[in-house]
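S.K.: run-v7.csv is the file, holding CSV, C-alpha atoms:
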chain,number,residue,atom,x,y,z
A,197,MET,CA,49.4,43.9,170.0
A,198,TYR,CA,51.9,41.9,168.0
A,199,ASN,CA,54.0,41.2,171.0
A,200,ASP,CA,50.9,40.2,173.0
A,201,MET,CA,50.0,37.7,170.4
A,202,ASN,CA,53.5,36.2,170.3
A,203,CYS,CA,53.4,35.9,174.1
A,204,GLN,CA,50.1,34.1,174.0
A,205,LYS,CA,51.4,31.6,171.4
A,206,THR,CA,54.6,31.0,173.4
A,207,LYS,CA,52.5,30.3,176.5
A,208,VAL,CA,50.3,27.8,174.6
A,209,CYS,CA,53.3,26.0,173.2
A,210,LEU,CA,54.9,25.8,176.6
A,211,ILE,CA,51.7,24.4,178.1
A,212,LEU,CA,51.4,21.8,175.4
A,213,THR,CA,55.0,20.8,175.8
A,214,LEU,CA,54.6,20.3,179.6
A,215,CYS,CA,51.4,18.3,179.1
A,216,ILE,CA,53.1,15.9,176.6
A,217,PHE,CA,56.1,15.6,178.9
A,218,TYR,CA,54.0,14.9,182.0
A,219,SER,CA,51.8,12.4,180.1
A,220,CYS,CA,54.9,10.4,178.8
A,221,ASN,CA,56.5,10.2,182.2
A,222,ASN,CA,53.4,9.3,184.2
A,223,THR,CA,51.9,6.5,182.2
A,224,SER,CA,51.1,3.5,184.4
A,225,PRO,CA,53.6,0.8,183.9
A,226,LYS,CA,52.3,-2.1,181.8
A,227,LYS,CA,52.1,-5.4,183.5
A,228,ASP,CA,51.5,-7.7,180.5
A,229,LEU,CA,54.6,-9.9,180.0
A,230,LYS,CA,54.7,-9.1,176.3
A,231,GLU,CA,54.9,-5.4,177.0
A,232,ASP,CA,56.7,-4.9,180.3
A,233,PRO,CA,60.3,-3.7,179.5
A,234,SER,CA,61.3,-3.4,183.1
A,235,THR,CA,63.8,-6.3,183.0
A,236,ASP,CA,65.8,-8.3,180.5
A,237,LEU,CA,63.7,-11.3,181.6
A,238,HIS,CA,60.7,-10.0,179.7
A,239,GLN,CA,62.5,-8.8,176.5
A,240,GLN,CA,63.6,-11.9,174.7
A,241,LYS,CA,63.7,-15.7,174.8
A,242,GLN,CA,66.7,-16.8,176.9
A,243,THR,CA,67.3,-20.2,175.5
A,244,GLU,CA,66.8,-22.1,172.2
A,245,TYR,CA,64.8,-24.8,174.0
A,246,ALA,CA,64.1,-25.9,177.5
A,247,LEU,CA,62.8,-29.0,179.2
A,248,VAL,CA,61.9,-29.6,182.9
A,249,ILE,CA,60.8,-32.9,184.5
A,250,HIS,CA,59.7,-34.2,187.9
A,251,GLY,CA,59.2,-37.8,189.2
A,252,GLY,CA,57.0,-36.9,192.2
A,253,ALA,CA,57.3,-35.1,195.5
A,254,GLY,CA,57.1,-36.5,199.0
A,255,THR,CA,59.0,-37.7,202.0
A,256,ILE,CA,62.2,-38.3,200.1
A,257,LEU,CA,65.1,-38.3,202.6
A,258,LYS,CA,68.8,-39.1,201.9
A,259,GLU,CA,69.0,-41.2,205.1
A,260,ASN,CA,66.2,-43.4,203.7
A,261,MET,CA,67.8,-43.9,200.3
A,262,THR,CA,70.6,-46.4,199.5
A,263,ASN,CA,73.3,-45.2,197.2
A,264,GLU,CA,72.3,-47.8,194.7
A,265,LEU,CA,68.7,-46.6,194.6
A,266,GLU,CA,69.7,-43.0,194.4
A,267,ASN,CA,71.9,-43.7,191.5
A,268,GLU,CA,69.1,-45.5,189.7
A,269,TYR,CA,66.8,-42.5,190.1
A,270,LYS,CA,69.5,-40.1,188.9
A,271,ALA,CA,70.3,-42.3,185.9
A,272,LYS,CA,66.6,-42.6,184.9
A,273,LEU,CA,66.1,-38.8,185.3
A,274,ASP,CA,69.3,-38.2,183.2
A,275,GLU,CA,68.0,-40.6,180.5
A,276,ALA,CA,64.7,-38.9,180.4
A,277,LEU,CA,66.3,-35.5,180.0
A,278,SER,CA,68.5,-36.8,177.2
A,279,ILE,CA,65.5,-38.2,175.3
A,280,GLY,CA,63.8,-34.8,175.5
A,281,GLU,CA,66.9,-32.8,174.7
A,282,ASN,CA,67.7,-34.8,171.6
A,283,ILE,CA,64.2,-34.1,170.2
A,284,LEU,CA,64.2,-30.4,171.0
A,285,LYS,CA,67.8,-29.9,169.9
A,286,ALA,CA,67.0,-31.4,166.5
A,287,GLY,CA,64.1,-29.0,166.1
A,288,GLY,CA,61.4,-31.4,167.2
A,289,THR,CA,58.1,-30.2,168.8
A,290,SER,CA,57.5,-29.7,172.5
A,291,LEU,CA,54.6,-32.2,172.2
A,292,ASP,CA,56.8,-35.0,170.9
A,293,ALA,CA,59.4,-34.2,173.6
A,294,VAL,CA,56.8,-34.3,176.5
A,295,VAL,CA,55.2,-37.6,175.3
A,296,SER,CA,58.5,-39.3,174.7
A,297,VAL,CA,60.0,-38.3,178.1
A,298,ILE,CA,56.9,-39.3,180.0
A,299,MET,CA,56.8,-42.7,178.3
A,300,ILE,CA,60.4,-43.3,179.5
A,301,MET,CA,59.3,-42.6,183.0
A,302,GLU,CA,56.1,-44.6,182.7
A,303,ASP,CA,58.1,-47.6,181.6
A,304,SER,CA,60.2,-47.4,184.8
A,305,PRO,CA,59.1,-49.1,188.0
A,306,LEU,CA,60.8,-46.3,189.9
A,307,PHE,CA,58.0,-43.8,189.5
A,308,ASN,CA,54.3,-43.8,190.4
A,309,ALA,CA,53.1,-43.8,186.8
A,310,GLY,CA,52.6,-46.6,184.2
A,311,LYS,CA,54.7,-49.6,185.2
A,312,GLY,CA,55.4,-48.2,188.7
A,313,ALA,CA,51.8,-47.2,189.4
A,314,VAL,CA,50.5,-47.7,193.0
A,315,PHE,CA,47.6,-49.9,194.0
A,316,THR,CA,44.0,-49.0,194.8
A,317,ASN,CA,42.2,-50.3,197.9
A,318,GLU,CA,40.9,-53.1,195.7
A,319,GLY,CA,44.4,-54.2,194.7
A,320,ALA,CA,44.2,-52.8,191.2
A,321,ASN,CA,46.1,-50.1,189.2
A,322,ALA,CA,44.1,-47.1,188.0
A,323,MET,CA,46.1,-44.5,186.1
A,324,ASP,CA,45.5,-40.9,185.1
A,325,ALA,CA,47.3,-38.6,182.6
A,326,SER,CA,46.9,-35.3,180.8
A,327,ILE,CA,48.6,-33.1,178.2
A,328,MET,CA,48.0,-29.5,177.1
A,329,ARG,CA,49.3,-27.4,174.2
A,330,GLY,CA,50.1,-23.8,174.9
A,331,ASN,CA,49.7,-22.5,171.4
A,332,ASP,CA,46.0,-23.2,171.2
A,333,LEU,CA,45.0,-24.3,174.7
A,334,GLU,CA,43.9,-27.7,173.4
A,335,ALA,CA,44.1,-30.5,175.9
A,336,GLY,CA,43.5,-34.2,176.4
A,337,ALA,CA,43.1,-36.3,179.6
A,338,VAL,CA,42.2,-39.8,180.8
A,339,GLY,CA,41.4,-41.1,184.2
A,340,GLY,CA,41.0,-44.5,185.9
A,341,ILE,CA,42.5,-46.6,183.1
A,342,SER,CA,44.1,-50.0,183.7
A,343,ASN,CA,45.2,-51.6,180.5
A,344,ILE,CA,46.9,-48.9,178.4
A,345,LYS,CA,50.7,-49.4,178.6
A,346,ASN,CA,51.5,-45.7,178.4
A,347,PRO,CA,48.6,-43.6,179.8
A,348,ILE,CA,50.2,-40.4,178.4
A,349,THR,CA,49.6,-41.7,174.8
A,350,ALA,CA,45.9,-42.1,175.7
A,351,ALA,CA,45.8,-38.5,176.8
A,352,GLN,CA,47.6,-37.5,173.6
A,353,ALA,CA,45.0,-39.4,171.6
A,354,VAL,CA,42.1,-37.6,173.3
A,355,LEU,CA,43.9,-34.4,172.4
A,356,GLU,CA,44.6,-35.2,168.8
A,357,LYS,CA,41.9,-37.7,167.7
A,358,SER,CA,38.7,-36.6,169.5
A,359,GLU,CA,36.6,-33.6,170.1
A,360,HIS,CA,36.7,-34.1,173.8
A,361,VAL,CA,39.1,-33.2,176.6
A,362,PHE,CA,38.5,-35.8,179.3
A,363,MET,CA,37.6,-39.5,179.2
A,364,VAL,CA,37.6,-42.0,182.0
A,365,GLY,CA,37.4,-45.7,182.8
A,366,LYS,CA,36.2,-48.3,180.3
A,367,GLY,CA,35.2,-45.6,177.8
A,368,ALA,CA,38.7,-44.2,177.8
A,369,GLU,CA,40.2,-47.6,177.4
A,370,ALA,CA,37.9,-48.5,174.5
A,371,PHE,CA,38.7,-45.2,172.8
A,372,ALA,CA,42.5,-45.8,173.2
A,373,ALA,CA,42.2,-49.3,171.8
A,374,SER,CA,40.1,-48.0,168.9
A,375,VAL,CA,42.9,-45.6,167.8
A,376,GLY,CA,45.5,-48.4,168.0
A,377,LEU,CA,47.3,-47.7,171.3
A,378,GLU,CA,49.2,-50.6,172.9
A,379,THR,CA,47.1,-52.4,175.5
A,380,VAL,CA,48.4,-54.8,178.1
A,381,ASP,CA,47.1,-57.3,180.7
A,382,PRO,CA,46.6,-55.3,184.0
A,383,LYS,CA,49.1,-57.7,185.6
A,384,TYR,CA,51.8,-55.8,183.7
A,385,PHE,CA,51.6,-53.0,186.2
A,386,TYR,CA,52.3,-55.2,189.2
A,387,THR,CA,55.5,-54.4,191.2
A,388,GLU,CA,56.3,-55.9,194.5
A,389,ARG,CA,57.4,-52.6,195.9
A,390,ARG,CA,54.0,-50.9,195.3
A,391,TRP,CA,52.1,-54.0,196.4
A,392,ASN,CA,53.9,-54.0,199.7
A,393,SER,CA,53.1,-50.3,200.2
A,394,LEU,CA,49.4,-51.1,199.9
A,395,GLN,CA,49.7,-54.0,202.4
A,396,LYS,CA,51.4,-51.7,204.9
A,397,ILE,CA,48.6,-49.2,204.7
A,398,LEU,CA,45.9,-51.9,204.9
A,399,GLU,CA,47.6,-53.3,208.0
A,400,LYS,CA,47.7,-49.9,209.6
A,401,GLU,CA,44.0,-49.4,208.9
A,402,LYS,CA,43.3,-52.7,210.4
A,403,SER,CA,45.2,-52.0,213.6
A,404,LEU,CA,43.7,-48.5,214.0
A,405,GLY,CA,40.2,-49.6,213.1
A,406,TYR,CA,39.6,-46.8,210.6
A,407,ASN,CA,40.7,-45.8,207.1
A,408,THR,CA,43.9,-43.8,206.8
A,409,THR,CA,46.1,-42.5,204.0
A,410,ASP,CA,48.6,-40.6,206.2
A,411,LEU,CA,51.6,-42.9,205.7
A,412,PRO,CA,54.6,-41.1,204.0
A,413,ASP,CA,54.2,-40.9,200.3
A,414,SER,CA,50.7,-42.5,200.2
A,415,LYS,CA,49.4,-39.3,198.7
A,416,PHE,CA,52.3,-38.5,196.4
A,417,GLY,CA,54.0,-39.7,193.3
A,418,THR,CA,53.5,-38.5,189.7
A,419,VAL,CA,55.7,-37.8,186.7
A,420,GLY,CA,55.5,-34.6,184.7
A,421,VAL,CA,57.2,-32.8,181.9
A,422,VAL,CA,57.1,-29.3,180.5
A,423,ALA,CA,58.9,-28.4,177.2
A,424,LEU,CA,59.6,-25.3,175.2
A,425,ASP,CA,60.6,-25.9,171.6
A,426,LYS,CA,62.6,-23.7,169.2
A,427,LYS,CA,59.3,-22.3,167.7
A,428,GLY,CA,58.3,-21.0,171.1
A,429,ASN,CA,55.6,-23.5,171.8
A,430,ILE,CA,55.0,-24.8,175.3
A,431,VAL,CA,53.5,-28.2,176.2
A,432,ALA,CA,52.9,-29.7,179.6
A,433,GLY,CA,52.0,-33.3,180.5
A,434,THR,CA,51.5,-35.3,183.7
A,435,SER,CA,50.9,-39.0,184.4
A,436,THR,CA,50.3,-40.8,187.7
A,437,GLY,CA,49.1,-44.0,189.4
A,438,GLY,CA,47.3,-41.8,191.9
A,439,MET,CA,47.1,-42.3,195.6
A,440,THR,CA,48.0,-45.6,197.3
A,441,ASN,CA,44.8,-47.3,198.7
A,442,LYS,CA,42.5,-44.9,196.9
A,443,LYS,CA,38.8,-45.9,197.0
A,444,TYR,CA,35.6,-45.2,195.1
A,445,ASP,CA,37.4,-44.5,191.8
A,446,ARG,CA,39.0,-41.4,193.2
A,447,ILE,CA,40.8,-39.2,190.7
A,448,GLY,CA,43.3,-36.6,191.7
A,449,ASP,CA,44.7,-33.5,190.1
A,450,SER,CA,47.0,-35.0,187.5
A,451,PRO,CA,44.4,-35.4,184.7
A,452,VAL,CA,42.5,-32.2,185.6
A,453,ILE,CA,43.4,-29.4,183.3
A,454,GLY,CA,44.2,-26.3,185.3
A,455,ALA,CA,44.8,-28.3,188.5
A,456,GLY,CA,47.6,-30.7,187.7
A,457,THR,CA,48.5,-29.6,184.2
A,458,TYR,CA,48.4,-26.3,182.3
A,459,ALA,CA,50.1,-24.6,179.3
A,460,ASN,CA,49.8,-21.2,177.7
A,461,ASN,CA,52.4,-19.8,175.2
A,462,ASN,CA,51.8,-16.3,176.6
A,463,THR,CA,52.7,-17.3,180.1
A,464,CYS,CA,54.0,-20.7,181.1
A,465,GLY,CA,53.6,-24.4,181.3
A,466,VAL,CA,53.1,-26.3,184.6
A,467,SER,CA,53.0,-29.9,185.9
A,468,CYS,CA,52.1,-30.6,189.5
A,469,THR,CA,52.7,-33.4,192.0
A,470,GLY,CA,51.4,-33.7,195.5
A,471,HIS,CA,48.2,-34.1,197.5
A,472,GLY,CA,45.8,-33.8,194.6
A,473,GLU,CA,42.7,-32.7,196.4
A,474,TYR,CA,44.5,-29.4,197.4
A,475,PHE,CA,45.8,-28.9,193.9
A,476,ILE,CA,42.3,-29.3,192.5
A,477,ARG,CA,40.7,-26.9,195.0
A,478,TYR,CA,43.3,-24.2,194.4
A,479,ALA,CA,43.6,-24.8,190.6
A,480,VAL,CA,47.3,-24.7,191.2
A,481,ALA,CA,48.6,-25.1,187.6
A,482,HIS,CA,46.4,-22.4,186.2
A,483,ASP,CA,47.0,-20.2,189.1
A,484,VAL,CA,50.6,-19.9,188.2
A,485,SER,CA,49.7,-18.7,184.7
A,486,ALA,CA,47.0,-16.4,186.0
A,487,MET,CA,49.2,-14.7,188.5
A,488,MET,CA,51.8,-14.1,185.8
A,489,GLU,CA,49.1,-12.7,183.4
A,490,TYR,CA,47.1,-10.6,185.8
A,491,LYS,CA,49.7,-9.5,188.3
A,492,GLY,CA,52.6,-9.3,185.9
A,493,ILE,CA,55.0,-11.2,188.2
A,494,SER,CA,57.7,-13.6,187.2
A,495,LEU,CA,57.4,-17.4,186.9
A,496,GLU,CA,59.6,-17.9,189.9
A,497,GLU,CA,57.7,-15.5,192.1
A,498,ALA,CA,54.3,-16.9,191.1
A,499,SER,CA,55.2,-20.6,191.5
A,500,HIS,CA,56.9,-20.1,194.9
A,501,LEU,CA,54.1,-18.0,196.2
A,502,ILE,CA,51.6,-20.7,195.4
A,503,ILE,CA,53.5,-23.7,196.6
A,504,ASN,CA,55.3,-22.3,199.7
A,505,LYS,CA,52.6,-19.8,200.9
A,506,LYS,CA,49.1,-20.3,199.5
A,507,LEU,CA,49.1,-24.1,199.3
A,508,LYS,CA,51.3,-24.6,202.4
A,509,GLU,CA,49.1,-22.4,204.6
A,510,ALA,CA,46.0,-24.4,203.4
A,511,GLY,CA,47.7,-27.6,204.5
A,512,GLY,CA,48.6,-28.8,201.0
A,513,SER,CA,51.9,-30.7,200.3
A,514,GLY,CA,53.7,-31.1,197.0
A,515,GLY,CA,55.5,-29.2,194.3
A,516,LEU,CA,55.5,-28.3,190.7
A,517,ILE,CA,57.7,-27.8,187.7
A,518,ALA,CA,57.2,-24.9,185.3
A,519,LEU,CA,58.9,-22.9,182.5
A,520,ASP,CA,57.9,-19.7,180.9
A,521,LYS,CA,58.0,-18.5,177.3
A,522,TYR,CA,61.5,-17.2,177.8
A,523,GLY,CA,62.9,-20.5,178.9
A,524,ASN,CA,63.1,-19.6,182.6
A,525,ILE,CA,62.5,-22.6,184.9
A,526,SER,CA,61.0,-23.0,188.4
A,527,MET,CA,60.8,-26.2,190.5
A,528,PRO,CA,59.4,-25.3,194.0
A,529,PHE,CA,58.2,-27.9,196.5
A,530,ASN,CA,57.2,-27.8,200.2
A,531,THR,CA,58.0,-31.5,200.9
A,532,PRO,CA,61.4,-33.0,202.0
A,533,GLY,CA,62.2,-33.8,198.4
A,534,MET,CA,61.2,-34.0,194.8
A,535,TYR,CA,62.7,-36.0,191.9
A,536,ARG,CA,63.4,-33.3,189.4
A,537,GLY,CA,65.7,-32.0,186.6
A,538,PHE,CA,66.0,-29.7,183.7
A,539,VAL,CA,68.0,-29.2,180.5
A,540,THR,CA,68.4,-26.2,178.1
A,541,ASP,CA,70.9,-25.4,175.4
A,542,LYS,CA,73.0,-23.8,178.1
A,543,GLU,CA,72.8,-26.0,181.3
A,544,ARG,CA,71.6,-29.3,182.9
A,545,TYR,CA,70.5,-30.1,186.4
A,546,ILE,CA,69.3,-33.1,188.4
A,547,GLY,CA,68.1,-33.1,192.0
A,548,ILE,CA,66.3,-35.2,194.5
A,549,TYR,CA,66.4,-33.7,198.0
A,550,GLY,CA,65.6,-30.3,199.5
A,551,ASN,CA,68.2,-27.8,200.3
In structure tokens, how does this file's structure come out?
M.R.:
Amino acid sequence: MYNDMNCQKTKVCLILTLCIFYSCNNTSPKKDLKEDPSTDLHQQKQTEYALVIHGGAGTILKENMTNELENEYKAKLDEALSIGENILKAGGTSLDAVVSVIMIMEDSPLFNAGKGAVFTNEGANAMDASIMRGNDLEAGAVGGISNIKNPITAAQAVLEKSEHVFMVGKGAEAFAASVGLETVDPKYFYTERRWNSLQKILEKEKSLGYNTTDLPDSKFGTVGVVALDKKGNIVAGTSTGGMTNKKYDRIGDSPVIGAGTYANNNTCGVSCTGHGEYFIRYAVAHDVSAMMEYKGISLEEASHLIINKKLKEAGGSGGLIALDKYGNISMPFNTPGMYRGFVTDKERYIGIYGN
């Protein structure tokens, strides 16, 4: 009897041991980025800080670029990176870095934002901008403004000094002026290059007898910045003059949170550039974050899947910049080129053309 009881206890212990072993070795792998230990990518922050920028995507070909103009673009991208890097390196916030860098790009006539904004069909400039914080998902955006020198500062003001997310037109301009932002005569935004681009499209429309926006780069041109500071906070911002020859107060994806701009400390920050209607329909900026969160895939895989497969198959052209909470950076585009660059505490890069 004693031996039988011992035998029964031994069997029970063996069964319990096997059950525990089986349970531990057959648990479904976790896909949440904070819990997935499958690669070093998901275990720790890779850099102290990171900053990635773009100056628009489109038909950017080396054969159409003079050496002088190419050097101007590279110099301005380099200057923008340095401004952001100095802020982040000194322990500044990702919000300050994003706003400061975008202001540098808005003040340059090289990019379709601020001073270099394109013209509407009516021969005016109507600019959009947005910014989002990843730590609390708060955001601010403006659309169709024409007298605020730096549209990104108007978006920041909506974020920090109002209970709203999105303001447009005269109301947005009045709000920006009420909080002390610098206003200018709309003539400040005139550049001969952008004016000539509008005239070229209008002449084509006249010769064809119908409206068209299919000239190279008529749909493209934006500036964007995403930053990760030393505290692990991500901020994304985007600013644009919109589409050349746009009509009826059209607004694209740049000021639309989730389409042109998105940031979430748990996943990534994103700024987009391209044919805005597609980026709005496919909620591109948020889709990158959602695919990382729900599918557990990397930033690189998610961003390239969206730009080079989902968007491209739908007929959408453009690109995006993004960085995740670990400091990993992605800059996919499906156009011939995209003005872009990044800097971390470990490396620096500037590019214009495709591979």
S.K.: Go ahead and compute the interatomic distance for CA of Asn343 in chain A and CA of Phe385 in chain A, in Å to one decimal.
M.R.: 8.7 Å
S.K.: So how many Å separate CA of Arg544 in chain A and CA of Ile502 in chain A, to one decimal?
M.R.: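 The value is 25.1 Å.
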S.K.: Name all residues at most 7 Å from Asn530 in chain A (count all atoms listed in the file; drop same-chain ones fewer than 3 positions away) and give them as a VMD selection string.
M.R.: chain A and resid 503 to 504 513 to 515
S.K.: Got a sec: who's within 12 Å of range 286-288 of chain A, counting only C-alpha atoms, leaving out chain neighbours fewer than 5 positions off, as a VMD selection string?
M.R.: chain A and resid 244 to 246 279 to 281 293 to 296 423 to 429 541
S.K.: Counting only C-alpha atoms, figure out which residue out of A:Ile453, A:Val354, A:Val466, A:Ala271 gets nearest to Ile525 in chain A.
M.R.: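 Checking each candidate against Ile525 in chain A, we get A:Val466 as the closest.
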S.K.: Report, in Å to a single decimal, how far apart CA of His471 in chain A and CA of Asn317 in chain A are.
M.R.: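 Computed distance, CA of Asn317 in chain A to CA of His471 in chain A, equals 17.3 Å.
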S.K.: For Tyr522 in chain A, work out the shell of residues within 7 Å, counting all atoms listed in the file and skipping chain neighbours fewer than 2 positions away, then give it as a PyMOL selection string.
M.R.: chain A and resi 240-243+520+524
S.K.: Could you produce a table of the residues of range 288-339 of chain A lying within 9 Å of range 364-381 of chain A, with the nearest pair of atoms per residue and their separation in Å rounded to one decimal, using all atoms listed in the file, ordered by chain and increasing residue number, as a Markdown table?
M.R.:
| residue | atom | partner | partner_atom | distance |
| --- | --- | --- | --- | --- |
| A:Ala322 | CA | A:Gly365 | CA | 8.6 |
| A:Asp324 | CA | A:Val364 | CA | 8.6 |
| A:Ala337 | CA | A:Val364 | CA | 8.3 |
| A:Val338 | CA | A:Val364 | CA | 5.2 |
| A:Gly339 | CA | A:Val364 | CA | 4.5 |
S.K.: For range 392-398 of chain A, find every residue with an atom within 7 Å (counting only C-alpha atoms), except residues of its own chain fewer than 2 positions away, and show them as a PDB file with C-alpha atoms, keeping the file's coordinate frame.
M.R.:
ATOM      1  CA  PHE A 315      47.600 -49.900 194.000  1.00  0.00           C
ATOM      2  CA  GLU A 388      56.300 -55.900 194.500  1.00  0.00           C
ATOM      3  CA  ARG A 389      57.400 -52.600 195.900  1.00  0.00           C
ATOM      4  CA  ARG A 390      54.000 -50.900 195.300  1.00  0.00           C
ATOM      5  CA  LYS A 400      47.700 -49.900 209.600  1.00  0.00           C
ATOM      6  CA  GLU A 401      44.000 -49.400 208.900  1.00  0.00           C
ATOM      7  CA  LYS A 402      43.300 -52.700 210.400  1.00  0.00           C
ATOM      8  CA  THR A 440      48.000 -45.600 197.300  1.00  0.00           C
ATOM      9  CA  ASN A 441      44.800 -47.300 198.700  1.00  0.00           C
TER      10      ASN A 441
END
S.K.: Need the shell around Ala253 in chain A: protein/DNA/RNA residues with any atom at most 10 Å away, counting all atoms listed in the file. Skip same-chain ones fewer than 4 positions apart. Format as a list in words?
M.R.: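 So, after excluding close chain neighbours, the residues are Asp413, Lys415, Phe416, Gly417, Thr418, Val419, Cys468, Thr469, Gly470, His471, Ser513, Gly514, Gly515, Leu516, Phe529, Asn530, Thr531, Pro532, Gly533, Met534, Tyr535, Arg536, Ile548 and Tyr549 of chain A.
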S.K.: Next, dump the selected residues to file, keeping only C-alpha atoms, as a PDB file, keeping the file's coordinate frame.
M.R.:
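The resulting file, part_27.pdb, is reproduced below:
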ATOM      1  CA  ASP A 413      54.200 -40.900 200.300  1.00  0.00           C
ATOM      2  CA  LYS A 415      49.400 -39.300 198.700  1.00  0.00           C
ATOM      3  CA  PHE A 416      52.300 -38.500 196.400  1.00  0.00           C
ATOM      4  CA  GLY A 417      54.000 -39.700 193.300  1.00  0.00           C
ATOM      5  CA  THR A 418      53.500 -38.500 189.700  1.00  0.00           C
ATOM      6  CA  VAL A 419      55.700 -37.800 186.700  1.00  0.00           C
ATOM      7  CA  CYS A 468      52.100 -30.600 189.500  1.00  0.00           C
ATOM      8  CA  THR A 469      52.700 -33.400 192.000  1.00  0.00           C
ATOM      9  CA  GLY A 470      51.400 -33.700 195.500  1.00  0.00           C
ATOM     10  CA  HIS A 471      48.200 -34.100 197.500  1.00  0.00           C
ATOM     11  CA  SER A 513      51.900 -30.700 200.300  1.00  0.00           C
ATOM     12  CA  GLY A 514      53.700 -31.100 197.000  1.00  0.00           C
ATOM     13  CA  GLY A 515      55.500 -29.200 194.300  1.00  0.00           C
ATOM     14  CA  LEU A 516      55.500 -28.300 190.700  1.00  0.00           C
ATOM     15  CA  PHE A 529      58.200 -27.900 196.500  1.00  0.00           C
ATOM     16  CA  ASN A 530      57.200 -27.800 200.200  1.00  0.00           C
ATOM     17  CA  THR A 531      58.000 -31.500 200.900  1.00  0.00           C
ATOM     18  CA  PRO A 532      61.400 -33.000 202.000  1.00  0.00           C
ATOM     19  CA  GLY A 533      62.200 -33.800 198.400  1.00  0.00           C
ATOM     20  CA  MET A 534      61.200 -34.000 194.800  1.00  0.00           C
ATOM     21  CA  TYR A 535      62.700 -36.000 191.900  1.00  0.00           C
ATOM     22  CA  ARG A 536      63.400 -33.300 189.400  1.00  0.00           C
ATOM     23  CA  ILE A 548      66.300 -35.200 194.500  1.00  0.00           C
ATOM     24  CA  TYR A 549      66.400 -33.700 198.000  1.00  0.00           C
TER      25      TYR A 549
END
S.K.: Measuring between all atoms listed in the file, which one of A:Gly340, A:Pro382, A:Gly523, A:Gly537 shows the shortest distance to Ser278 in chain A?
M.R.: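 Distance minimum relative to Ser278 in chain A lands on A:Gly537.
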S.K.: Using all atoms listed in the file, pick whichever of A:Thr316, A:His482, A:Ala351, A:Gly492 has the shortest atom-to-atom distance to Arg446 in chain A.
M.R.: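 Using all atoms listed in the file, Arg446 in chain A sits closest to A:Thr316.
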S.K.: For each of A:Leu277, A:Met439, A:Cys464, A:Lys508, take the minimum atom-to-atom distance to Glu489 in chain A, counting all atoms listed in the file, then give the residue where this is smallest.
M.R.: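 The shortest atom-to-atom distance to Glu489 in chain A comes from A:Cys464.
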S.K.: In terms of the shortest atom-to-atom distance over all atoms listed in the file, which of A:Ser290, A:Ala455, A:Glu496, A:Gly312 is closest to Ala432 in chain A?
M.R.: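 Ranking A:Ser290, A:Ala455, A:Glu496, A:Gly312 by distance to Ala432 in chain A, first place goes to A:Ser290.
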S.K.: Could you tell me which of A:Lys285, A:Asp445, A:Gly310, A:Lys272 comes closest to Lys542 in chain A if we count only C-alpha atoms?
M.R.: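 The shortest atom-to-atom distance to Lys542 in chain A comes from A:Lys285.
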